[in-house]
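> Contents of structure25.txt (compact mmCIF, C-alpha atoms and all ligand atoms) are given next:
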# COMPACT_ATOMS: atom_id res chain seq x y z
CA MET Q 1 215.72 -157.92 87.41
CA LYS Q 2 214.82 -158.93 90.98
CA ASN Q 3 212.85 -155.77 91.74
CA ASP Q 4 211.43 -153.98 88.71
CA ARG Q 5 208.60 -152.02 90.33
CA PHE Q 6 210.34 -148.72 89.64
CA LEU Q 7 210.60 -149.48 85.89
CA ARG Q 8 207.03 -150.73 85.84
CA ALA Q 9 205.67 -147.65 87.63
CA LEU Q 10 207.55 -145.36 85.20
CA LEU Q 11 205.75 -147.08 82.33
CA ARG Q 12 202.44 -146.91 84.27
CA GLN Q 13 202.20 -150.68 84.52
CA PRO Q 14 200.69 -152.48 87.54
CA VAL Q 15 202.91 -152.95 90.64
CA ASP Q 16 202.44 -154.70 94.01
CA VAL Q 17 203.33 -151.61 96.07
CA THR Q 18 204.41 -148.04 95.23
CA PRO Q 19 208.17 -147.87 94.55
CA ILE Q 20 210.33 -145.30 96.34
CA TRP Q 21 213.80 -143.82 95.98
CA ILE Q 22 215.13 -140.57 97.43
CA MET Q 23 216.87 -137.70 95.68
CA ARG Q 24 220.44 -137.47 97.10
CA GLN Q 25 219.91 -140.85 98.78
CA ALA Q 26 223.69 -141.31 98.93
CA GLY Q 27 224.90 -138.30 100.85
CA ARG Q 28 226.04 -136.60 103.99
CA TYR Q 29 223.13 -137.73 106.21
CA LEU Q 30 224.68 -141.24 106.11
CA PRO Q 31 227.69 -141.80 108.42
CA GLU Q 32 229.07 -144.43 105.99
CA TYR Q 33 229.02 -141.81 103.20
CA ARG Q 34 230.94 -139.36 105.38
CA ALA Q 35 233.49 -142.09 106.14
CA THR Q 36 234.06 -142.90 102.44
CA ARG Q 37 234.26 -139.20 101.60
CA GLU Q 38 236.93 -138.87 104.29
CA ARG Q 39 238.94 -141.70 102.70
CA ALA Q 40 238.52 -140.12 99.26
CA LYS Q 41 239.72 -136.78 100.77
CA ASN Q 42 237.10 -134.74 98.88
CA PHE Q 43 233.85 -134.82 96.96
CA LEU Q 44 235.38 -134.54 93.47
CA THR Q 45 237.71 -137.48 94.00
CA LEU Q 46 234.67 -139.43 95.19
CA CYS Q 47 232.95 -138.65 91.87
CA LYS Q 48 236.02 -139.25 89.72
CA THR Q 49 237.04 -142.63 91.19
CA PRO Q 50 234.63 -145.33 89.96
CA GLU Q 51 235.29 -147.62 92.96
CA PHE Q 52 234.38 -144.85 95.42
CA ALA Q 53 231.37 -143.74 93.35
CA CYS Q 54 230.15 -147.35 93.25
CA GLU Q 55 230.65 -147.82 96.99
CA VAL Q 56 228.57 -144.77 97.95
CA THR Q 57 225.88 -145.50 95.35
CA LEU Q 58 225.26 -148.86 97.03
CA GLN Q 59 225.34 -147.64 100.66
CA PRO Q 60 221.71 -146.49 100.97
CA LEU Q 61 220.52 -149.78 99.42
CA GLU Q 62 222.24 -151.72 102.20
CA ARG Q 63 220.31 -149.80 104.83
CA PHE Q 64 216.91 -149.24 103.22
CA ASP Q 65 214.52 -151.20 101.04
CA LEU Q 66 214.82 -148.71 98.16
CA ASP Q 67 213.50 -149.55 94.69
CA ALA Q 68 216.19 -147.78 92.63
CA ALA Q 69 219.86 -146.84 92.72
CA ILE Q 70 221.09 -143.51 91.35
CA LEU Q 71 224.58 -143.09 89.97
CA PHE Q 72 226.71 -141.14 92.43
CA SER Q 73 228.01 -138.16 90.50
CA ASP Q 74 227.11 -134.51 89.99
CA ILE Q 75 225.45 -132.45 87.27
CA LEU Q 76 228.55 -130.25 87.07
CA THR Q 77 230.77 -132.96 85.54
CA ILE Q 78 229.85 -131.65 82.06
CA PRO Q 79 231.00 -128.03 82.53
CA ASP Q 80 234.10 -129.42 84.24
CA ALA Q 81 234.79 -131.57 81.16
CA MET Q 82 234.25 -128.46 78.98
CA GLY Q 83 237.25 -126.85 80.67
CA LEU Q 84 235.59 -124.68 83.36
CA GLU Q 85 237.40 -126.58 86.12
CA LEU Q 86 235.00 -127.41 88.91
CA TYR Q 87 236.08 -127.17 92.54
CA PHE Q 88 234.28 -127.15 95.87
CA THR Q 89 234.81 -124.80 98.77
CA GLU Q 90 233.75 -125.98 102.23
CA GLY Q 91 230.29 -124.61 103.02
CA GLU Q 92 229.97 -122.57 99.81
CA GLY Q 93 229.18 -125.31 97.32
CA PRO Q 94 230.42 -125.67 93.76
CA ARG Q 95 232.58 -123.09 91.95
CA PHE Q 96 234.36 -122.82 88.62
CA GLU Q 97 237.94 -121.71 88.05
CA ASN Q 98 236.96 -120.40 84.57
CA PRO Q 99 233.31 -119.22 84.52
CA ILE Q 100 231.77 -117.99 81.24
CA ARG Q 101 232.37 -114.25 80.99
CA THR Q 102 232.58 -113.51 77.25
CA GLU Q 103 230.89 -114.40 73.99
CA LYS Q 104 234.19 -115.73 72.69
CA GLN Q 105 234.34 -118.28 75.51
CA ILE Q 106 230.93 -119.59 74.41
CA THR Q 107 231.96 -119.94 70.75
CA ASN Q 108 235.17 -121.68 71.83
CA LEU Q 109 233.49 -124.23 74.09
CA ALA Q 110 234.07 -127.77 72.84
CA ILE Q 111 231.55 -130.60 73.31
CA PRO Q 112 233.26 -133.28 75.38
CA ASP Q 113 233.59 -136.88 74.23
CA PRO Q 114 231.89 -138.77 77.09
CA ASN Q 115 234.06 -141.82 76.52
CA ILE Q 116 237.22 -139.76 77.00
CA GLU Q 117 236.73 -136.73 79.25
CA LEU Q 118 233.88 -138.33 81.20
CA ARG Q 119 235.18 -141.87 81.12
CA TYR Q 120 235.19 -141.98 84.93
CA VAL Q 121 231.37 -141.66 84.83
CA THR Q 122 230.71 -144.40 82.28
CA ASP Q 123 233.21 -146.64 84.12
CA ALA Q 124 231.30 -145.99 87.36
CA VAL Q 125 227.99 -146.85 85.65
CA SER Q 126 229.35 -150.20 84.35
CA LEU Q 127 230.83 -151.06 87.73
CA ILE Q 128 227.63 -150.18 89.63
CA ARG Q 129 225.49 -152.24 87.22
CA ARG Q 130 227.79 -155.21 87.76
CA GLU Q 131 227.73 -154.84 91.55
CA LEU Q 132 223.95 -154.31 91.68
CA ASN Q 133 223.58 -157.65 89.93
CA GLY Q 134 219.94 -156.95 89.03
CA LYS Q 135 218.84 -156.02 92.56
CA VAL Q 136 217.16 -152.75 91.47
CA PRO Q 137 217.37 -150.55 88.34
CA LEU Q 138 220.11 -147.91 87.99
CA ILE Q 139 219.27 -144.26 87.23
CA GLY Q 140 221.70 -142.19 85.17
CA PHE Q 141 221.30 -138.41 85.12
CA ALA Q 142 222.41 -135.00 83.92
CA GLY Q 143 221.53 -131.37 84.57
CA SER Q 144 219.28 -129.54 82.11
CA PRO Q 145 221.13 -127.19 79.72
CA TRP Q 146 219.57 -124.14 81.42
CA THR Q 147 220.54 -125.32 84.92
CA LEU Q 148 224.10 -126.07 83.78
CA ALA Q 149 224.28 -122.64 82.10
CA THR Q 150 223.31 -120.88 85.36
CA TYR Q 151 226.28 -122.43 87.17
CA MET Q 152 228.64 -121.81 84.23
CA VAL Q 153 227.74 -118.14 83.88
CA GLU Q 154 227.35 -117.33 87.58
CA GLY Q 155 230.53 -119.26 88.42
CA GLY Q 156 228.78 -121.09 91.27
CA THR Q 157 225.65 -120.98 93.40
CA THR Q 158 223.60 -117.78 93.23
CA LYS Q 159 220.52 -116.28 94.87
CA THR Q 160 219.79 -113.58 92.28
CA PHE Q 161 220.69 -115.22 88.92
CA SER Q 162 221.66 -111.75 87.70
CA GLN Q 163 224.62 -112.75 85.51
CA VAL Q 164 222.81 -115.54 83.72
CA LYS Q 165 219.66 -113.43 83.21
CA LYS Q 166 221.79 -110.53 82.00
CA LEU Q 167 223.28 -112.79 79.32
CA LEU Q 168 219.82 -114.14 78.45
CA PHE Q 169 218.25 -110.69 78.08
CA GLN Q 170 221.24 -108.84 76.55
CA GLN Q 171 222.54 -111.58 74.24
CA PRO Q 172 219.83 -114.17 73.63
CA GLN Q 173 221.76 -115.39 70.55
CA SER Q 174 224.83 -116.23 72.64
CA MET Q 175 222.63 -117.90 75.22
CA SER Q 176 221.09 -120.06 72.49
CA ILE Q 177 224.54 -121.08 71.24
CA LEU Q 178 225.53 -122.05 74.79
CA LEU Q 179 222.30 -124.01 75.38
CA ASP Q 180 222.60 -125.77 72.02
CA LYS Q 181 226.11 -126.92 72.88
CA LEU Q 182 224.98 -128.06 76.31
CA ALA Q 183 222.02 -129.97 74.85
CA GLN Q 184 224.40 -131.78 72.50
CA ALA Q 185 226.86 -132.48 75.34
CA VAL Q 186 224.09 -133.77 77.64
CA THR Q 187 222.63 -136.00 74.89
CA ASN Q 188 226.02 -137.60 74.16
CA TYR Q 189 226.73 -137.98 77.87
CA LEU Q 190 223.38 -139.63 78.66
CA ASN Q 191 223.57 -141.94 75.65
CA ALA Q 192 227.02 -143.02 76.88
CA GLN Q 193 225.53 -143.68 80.34
CA ILE Q 194 222.80 -145.79 78.71
CA ALA Q 195 225.38 -147.76 76.69
CA ALA Q 196 227.29 -148.35 79.95
CA GLY Q 197 224.17 -149.69 81.72
CA ALA Q 198 221.95 -146.85 82.99
CA GLN Q 199 218.34 -148.13 82.80
CA VAL Q 200 216.45 -144.89 83.53
CA ILE Q 201 217.44 -141.29 82.82
CA MET Q 202 216.59 -138.24 84.91
CA LEU Q 203 217.08 -134.61 83.87
CA PHE Q 204 217.54 -132.22 86.81
CA ASP Q 205 216.25 -128.76 85.95
CA THR Q 206 216.79 -127.22 89.36
CA TRP Q 207 216.64 -123.62 88.11
CA GLY Q 208 214.02 -123.69 85.33
CA GLY Q 209 211.51 -122.37 87.90
CA ILE Q 210 213.18 -118.96 88.16
CA LEU Q 211 212.19 -118.10 84.58
CA SER Q 212 209.05 -116.46 83.16
CA THR Q 213 206.75 -118.85 81.34
CA GLN Q 214 207.90 -117.83 77.86
CA ASN Q 215 211.57 -117.97 78.82
CA TYR Q 216 211.09 -121.33 80.51
CA LEU Q 217 209.53 -122.76 77.35
CA ASP Q 218 212.13 -121.23 75.01
CA PHE Q 219 215.32 -121.55 77.06
CA SER Q 220 214.81 -124.54 79.33
CA LEU Q 221 212.05 -126.90 78.22
CA ASN Q 222 212.84 -126.59 74.49
CA TYR Q 223 216.37 -127.91 75.07
CA MET Q 224 215.19 -130.69 77.38
CA GLN Q 225 212.74 -131.74 74.68
CA LYS Q 226 215.59 -131.94 72.14
CA ILE Q 227 217.50 -134.16 74.55
CA VAL Q 228 214.49 -136.43 75.16
CA GLN Q 229 214.02 -136.80 71.40
CA ASN Q 230 217.65 -137.71 70.77
CA LEU Q 231 218.17 -140.17 73.61
CA THR Q 232 218.46 -143.90 73.03
CA HIS Q 233 214.88 -145.01 73.69
CA GLU Q 234 215.53 -148.71 73.77
CA TYR Q 235 218.66 -150.58 74.80
CA GLU Q 236 219.13 -154.34 74.67
CA GLY Q 237 215.36 -154.73 74.18
CA GLN Q 238 214.45 -152.61 77.23
CA ARG Q 239 212.75 -149.22 77.09
CA ILE Q 240 214.79 -146.48 78.80
CA PRO Q 241 212.29 -144.19 80.57
CA VAL Q 242 213.10 -140.49 81.02
CA ILE Q 243 212.10 -138.37 84.04
CA ILE Q 244 212.08 -134.56 83.85
CA PHE Q 245 212.28 -132.64 87.12
CA THR Q 246 211.82 -128.88 86.99
CA LYS Q 247 211.83 -127.58 90.54
CA ASP Q 248 209.10 -124.91 90.86
CA GLY Q 249 207.71 -126.07 87.52
CA ASN Q 250 204.13 -126.88 88.51
CA GLU Q 251 202.75 -124.23 86.20
CA TRP Q 252 204.13 -126.10 83.19
CA LEU Q 253 203.19 -129.73 83.87
CA GLU Q 254 201.21 -130.04 80.62
CA ASN Q 255 204.13 -128.61 78.61
CA ILE Q 256 206.58 -130.98 80.30
CA ALA Q 257 204.32 -133.98 79.66
CA ASN Q 258 204.24 -133.02 75.95
CA THR Q 259 208.03 -133.35 75.55
CA GLY Q 260 207.66 -137.12 75.22
CA CYS Q 261 209.18 -137.83 78.65
CA ASP Q 262 207.82 -140.83 80.58
CA ALA Q 263 207.58 -139.22 84.01
CA ILE Q 264 207.61 -135.84 85.75
CA GLY Q 265 209.42 -135.22 89.02
CA LEU Q 266 207.34 -133.00 91.32
CA ASP Q 267 208.33 -130.64 94.11
CA TRP Q 268 206.13 -130.56 97.22
CA LYS Q 269 203.98 -127.53 96.46
CA LEU Q 270 200.92 -129.10 94.80
CA PRO Q 271 198.93 -132.04 96.14
CA ILE Q 272 200.02 -134.89 93.84
CA GLY Q 273 196.35 -135.73 93.11
CA GLN Q 274 195.97 -132.35 91.37
CA SER Q 275 199.01 -133.00 89.20
CA ARG Q 276 197.64 -136.45 88.39
CA LYS Q 277 194.34 -134.94 87.22
CA ARG Q 278 196.24 -132.63 84.90
CA VAL Q 279 198.74 -135.05 83.29
CA GLY Q 280 198.37 -138.49 84.87
CA ASN Q 281 196.90 -140.11 81.77
CA GLN Q 282 200.03 -139.15 79.84
CA VAL Q 283 203.02 -139.62 82.18
CA ALA Q 284 203.99 -141.19 85.49
CA LEU Q 285 204.54 -138.88 88.49
CA GLN Q 286 207.42 -138.93 90.94
CA GLY Q 287 207.19 -137.23 94.33
CA ASN Q 288 206.41 -135.34 96.40
CA MET Q 289 207.03 -135.14 100.16
CA ASP Q 290 208.66 -131.97 101.51
CA PRO Q 291 212.20 -133.02 102.56
CA CYS Q 292 211.73 -131.06 105.81
CA MET Q 293 209.05 -133.56 106.90
CA LEU Q 294 212.04 -135.73 107.81
CA TYR Q 295 212.77 -133.30 110.66
CA THR Q 296 209.58 -134.46 112.43
CA SER Q 297 208.66 -137.82 114.01
CA PRO Q 298 207.96 -141.37 112.77
CA GLU Q 299 204.23 -140.77 113.37
CA GLN Q 300 204.17 -137.55 111.38
CA VAL Q 301 206.18 -139.05 108.52
CA ARG Q 302 203.77 -142.01 108.32
CA LYS Q 303 200.83 -139.64 108.32
CA GLU Q 304 202.28 -137.55 105.52
CA VAL Q 305 203.07 -140.70 103.48
CA ALA Q 306 199.44 -141.76 103.93
CA ASN Q 307 198.26 -138.30 102.77
CA ILE Q 308 200.38 -138.34 99.62
CA LEU Q 309 199.38 -141.91 98.73
CA ALA Q 310 195.71 -141.03 99.25
CA SER Q 311 196.08 -137.87 97.18
CA PHE Q 312 197.49 -139.89 94.24
CA GLY Q 313 194.83 -142.56 94.83
CA SER Q 314 194.46 -146.00 93.25
CA GLY Q 315 196.15 -147.10 90.07
CA ASN Q 316 199.45 -147.01 88.30
CA GLY Q 317 202.12 -144.45 87.59
CA HIS Q 318 203.31 -143.21 90.99
CA ILE Q 319 206.89 -143.32 92.21
CA PHE Q 320 207.30 -141.97 95.72
CA ASN Q 321 210.16 -139.51 96.34
CA LEU Q 322 210.91 -136.27 98.15
CA GLY Q 323 210.16 -132.97 96.39
CA HIS Q 324 213.89 -132.14 96.42
CA GLY Q 325 217.11 -133.65 97.79
CA ILE Q 326 217.36 -134.98 101.34
CA HIS Q 327 219.10 -132.62 103.79
CA PRO Q 328 222.41 -133.54 105.47
CA GLU Q 329 221.05 -133.29 109.05
CA ILE Q 330 218.34 -135.94 108.66
CA ASP Q 331 218.27 -138.96 110.99
CA PRO Q 332 218.63 -142.11 108.83
CA GLU Q 333 216.16 -143.90 111.14
CA LEU Q 334 213.39 -141.65 109.84
CA VAL Q 335 214.36 -142.50 106.27
CA LYS Q 336 213.79 -146.14 107.13
CA VAL Q 337 210.35 -145.24 108.50
CA LEU Q 338 209.61 -143.37 105.26
CA VAL Q 339 210.65 -146.20 102.93
CA ASP Q 340 208.86 -148.90 104.91
CA SER Q 341 205.70 -146.79 105.31
CA VAL Q 342 205.46 -146.22 101.56
CA HIS Q 343 205.60 -149.96 100.88
CA GLU Q 344 203.24 -150.88 103.68
CA LEU Q 345 200.61 -148.16 103.26
CA SER Q 346 200.49 -148.31 99.45
CA LYS Q 347 199.38 -151.97 99.20
CA LYS Q 348 195.71 -151.04 99.25
CA TYR Q 349 196.05 -148.77 96.23
CA HIS Q 350 197.32 -151.53 93.91
O1 LIG R 401 229.69 -134.48 100.12
C1 LIG R 401 229.44 -133.29 99.85
O2 LIG R 401 229.64 -132.35 100.63
C2 LIG R 401 228.92 -132.92 98.51
C3 LIG R 401 227.45 -132.71 98.47
C4 LIG R 401 226.98 -133.19 97.10
C5 LIG R 401 226.43 -134.45 96.81
C6 LIG R 401 226.16 -135.57 97.76
C7 LIG R 401 227.09 -132.47 95.90
C8 LIG R 401 227.68 -131.14 95.71
N1 LIG R 401 226.59 -133.25 94.87
C9 LIG R 401 226.19 -134.48 95.40
C10 LIG R 401 225.69 -135.61 94.64
C11 LIG R 401 224.63 -135.38 93.65
N2 LIG R 401 224.34 -134.20 93.03
C12 LIG R 401 223.78 -136.37 93.14
C13 LIG R 401 223.98 -137.83 93.51
C14 LIG R 401 222.97 -138.83 93.37
C15 LIG R 401 221.90 -138.84 94.46
O3 LIG R 401 222.09 -139.55 95.47
O4 LIG R 401 220.84 -138.23 94.24
C16 LIG R 401 222.90 -135.75 92.24
C17 LIG R 401 221.77 -136.36 91.47
C18 LIG R 401 223.28 -134.39 92.18
C19 LIG R 401 222.65 -133.41 91.28
C20 LIG R 401 222.90 -131.98 91.49
N3 LIG R 401 224.07 -131.34 91.80
C21 LIG R 401 221.93 -130.98 91.28
C22 LIG R 401 220.52 -131.25 90.80
C23 LIG R 401 219.63 -131.73 91.86
C24 LIG R 401 219.32 -130.76 92.97
O5 LIG R 401 219.70 -131.04 94.10
O6 LIG R 401 218.68 -129.74 92.67
C25 LIG R 401 222.53 -129.72 91.52
C26 LIG R 401 221.86 -128.37 91.44
C27 LIG R 401 223.88 -129.97 91.84
C28 LIG R 401 224.94 -128.97 92.13
C29 LIG R 401 225.52 -129.20 93.46
N4 LIG R 401 226.47 -130.13 93.72
C30 LIG R 401 226.75 -130.19 95.06
C31 LIG R 401 225.91 -129.24 95.69
C32 LIG R 401 225.88 -128.96 97.17
C33 LIG R 401 225.12 -128.66 94.68
C34 LIG R 401 224.01 -127.64 94.88
C35 LIG R 401 224.56 -126.28 94.99
C36 LIG R 401 223.45 -125.25 94.96
O7 LIG R 401 222.57 -125.28 95.84
O8 LIG R 401 223.49 -124.40 94.07
Would you mind giving the structure from this file in structure tokens?

Amino acid sequence: MKNDRFLRALLRQPVDVTPIWIMRQAGRYLPEYRATRERAKNFLTLCKTPEFACEVTLQPLERFDLDAAILFSDILTIPDAMGLELYFTEGEGPRFENPIRTEKQITNLAIPDPNIELRYVTDAVSLIRRELNGKVPLIGFAGSPWTLATYMVEGGTTKTFSQVKKLLFQQPQSMSILLDKLAQAVTNYLNAQIAAGAQVIMLFDTWGGILSTQNYLDFSLNYMQKIVQNLTHEYEGQRIPVIIFTKDGNEWLENIANTGCDAIGLDWKLPIGQSRKRVGNQVALQGNMDPCMLYTSPEQVRKEVANILASFGSGNGHIFNLGHGIHPEIDPELVKVLVDSVHELSKKYH
């Protein structure tokens, strides 16, 4: 591995400078991504064609000195493989042809075989690993069972979460059956990504933060913990670190750290130094600049990088990232300023 600072930081080992990667680093803010997407005709074909997925995964690494690559795919590949039939409408985001409406649909859901129904993903992982040729580590990922369930029950993006909460409150048993199936599907899927070459795993729990504490623990974190426990922990002699990201999950950092994960992804709401005081002797921390900082100026971005690095302070276990995905309107030049500032300004902390 030519650059292993990301893996080292995840295991809280010493590094020369703080590593950085960016959630949604391959995406619409890059003109080369938009060009490939145009050739692919649409987003789903981009995901389902390993050559296209590989091409866009590598694009941000050509431009920026990033310390990790993340598989180009989507969390909704699993519900798609379970027969819900994912599609995208321009401007409205993801939708399902067959959302979950009845208990019977939940009992009938089959757990996909990742090497058959999701073969396009494992093929993309193998291809990307080959093309990366050891430049930086490759992150594989999946959505948390709860986050996948919200899309499956709502049928797409939602602001109120009323359908999924209705199911949770009216039929908690059915919800548990659904989440159990999803946890099994996610475990199989991630283990297949690891066997294909993913070196780090990240669980995206985008919607865990809309739950009450007890419901978060019972219906989101509990299933993520099962996944963490059943993942392949070591592959070809290398430890496979796991990152859990619950957006709006700052209340539960101690609980997340206790799942056995190696790192916690943080949104931008708490100063990272506070999170470090709470759990930093147990797990590494990834984050946590507000993505909207990238609407400002090179000077302001540098200043904010300096603030976050100072807040974390000296020592090991920090991976720099945004607190959520990068927005499509961002100027790539400011991303370069961000990446270079993190490397330059973090030297003194190591
Ligand atoms: O080109 C396009 O118009 C599609 C936009 C897009 C992209 C670039 C979507 C649709 N998904 C992706 C890629 C993607 N999605 C990655 C790629 C790797 C990377 O560079 O980071 C990852 C990790 C995801 C994960 C994902 N998809 C999440 C979890 C992370 C998060 O952002 O909270 C979620 C919630 C989704 C669902 C989804 N897919 C796409 C969109 C626009 C959304 C969000 C819809 C919503 O807000 O509800």
> Please report as a tab-separated table every residue of stretch 133-154 of chain Q lying within 6 Å of stretch 64-82 of chain Q, along with the nearest atom pair and their distance in Å (one decimal), using only C-alpha atoms.

residue	atom	partner	partner_atom	distance
Q:Val136	CA	Q:Ala68	CA	5.2
Q:Pro137	CA	Q:Ala68	CA	5.2
Q:Leu138	CA	Q:Ala69	CA	4.9
Q:Ile139	CA	Q:Ile70	CA	4.6
Q:Gly140	CA	Q:Leu71	CA	5.7
Q:Ala142	CA	Q:Ile75	CA	5.2
Q:Gly143	CA	Q:Ile75	CA	4.9
> Record the distance separating atom CA of Q:Asn188 and atom CA of Q:Lys226, expressed in Å with one decimal.
12.0 Å
> Set out as CSV a contact list for chain Q and ligand LIG 401 (chain R) with a cut-off of 8 Å, giving each residue of chain Q that qualifies its closest atom pair and distance in Å to one decimal, counting only C-alpha atoms and all ligand atoms, ordered by chain and rising residue number.

residue,atom,partner,partner_atom,distance
Q:Ile22,CA,R:LIG401,O4,6.9
Q:Met23,CA,R:LIG401,O4,4.3
Q:Arg24,CA,R:LIG401,O4,3.0
Q:Gln25,CA,R:LIG401,O3,4.2
Q:Ala26,CA,R:LIG401,O3,4.2
Q:Gly27,CA,R:LIG401,C6,4.3
Q:Arg28,CA,R:LIG401,O1,5.7
Q:Tyr33,CA,R:LIG401,O1,8.0
Q:Arg34,CA,R:LIG401,O1,7.3
Q:Arg37,CA,R:LIG401,O1,6.7
Q:Asn42,CA,R:LIG401,O1,7.5
Q:Phe43,CA,R:LIG401,O1,5.2
Q:Thr57,CA,R:LIG401,O3,7.1
Q:Ile70,CA,R:LIG401,C14,5.4
Q:Leu71,CA,R:LIG401,C14,5.7
Q:Phe72,CA,R:LIG401,C13,4.4
Q:Ser73,CA,R:LIG401,C13,5.0
Q:Asp74,CA,R:LIG401,N2,4.1
Q:Ile75,CA,R:LIG401,N3,4.9
Q:Leu76,CA,R:LIG401,C28,6.3
Q:Phe88,CA,R:LIG401,C8,7.7
Q:Glu90,CA,R:LIG401,O2,7.7
Q:Gly93,CA,R:LIG401,C32,4.9
Q:Pro94,CA,R:LIG401,N4,6.0
Q:Phe141,CA,R:LIG401,C17,6.7
Q:Ala142,CA,R:LIG401,C19,7.5
Q:Gly143,CA,R:LIG401,C22,6.3
Q:Thr147,CA,R:LIG401,C26,7.3
Q:Tyr151,CA,R:LIG401,O8,7.7
Q:Gly156,CA,R:LIG401,O8,6.8
Q:Thr157,CA,R:LIG401,O8,4.1
Q:Thr158,CA,R:LIG401,O8,6.7
Q:Phe204,CA,R:LIG401,C22,5.1
Q:Asp205,CA,R:LIG401,C22,6.9
Q:Thr206,CA,R:LIG401,O6,4.6
Q:Trp207,CA,R:LIG401,C26,7.8
Q:Lys247,CA,R:LIG401,O6,7.5
Q:His324,CA,R:LIG401,O5,6.4
Q:Gly325,CA,R:LIG401,O5,5.2
> With distances taken over all atoms listed in the file, which of Q:Ile243, Q:Asn115, Q:Leu334, Q:Asn258 is nearest to Q:Ala9?
Q:Ile243
> Can you work out which one of Q:Ile210, Q:Leu322, Q:Ala149, Q:Val164 has the shortest atom-to-atom distance to Q:Lys181, counting all atoms listed in the file?
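Result for the nearest residue to Q:Lys181: Q:Ala149.
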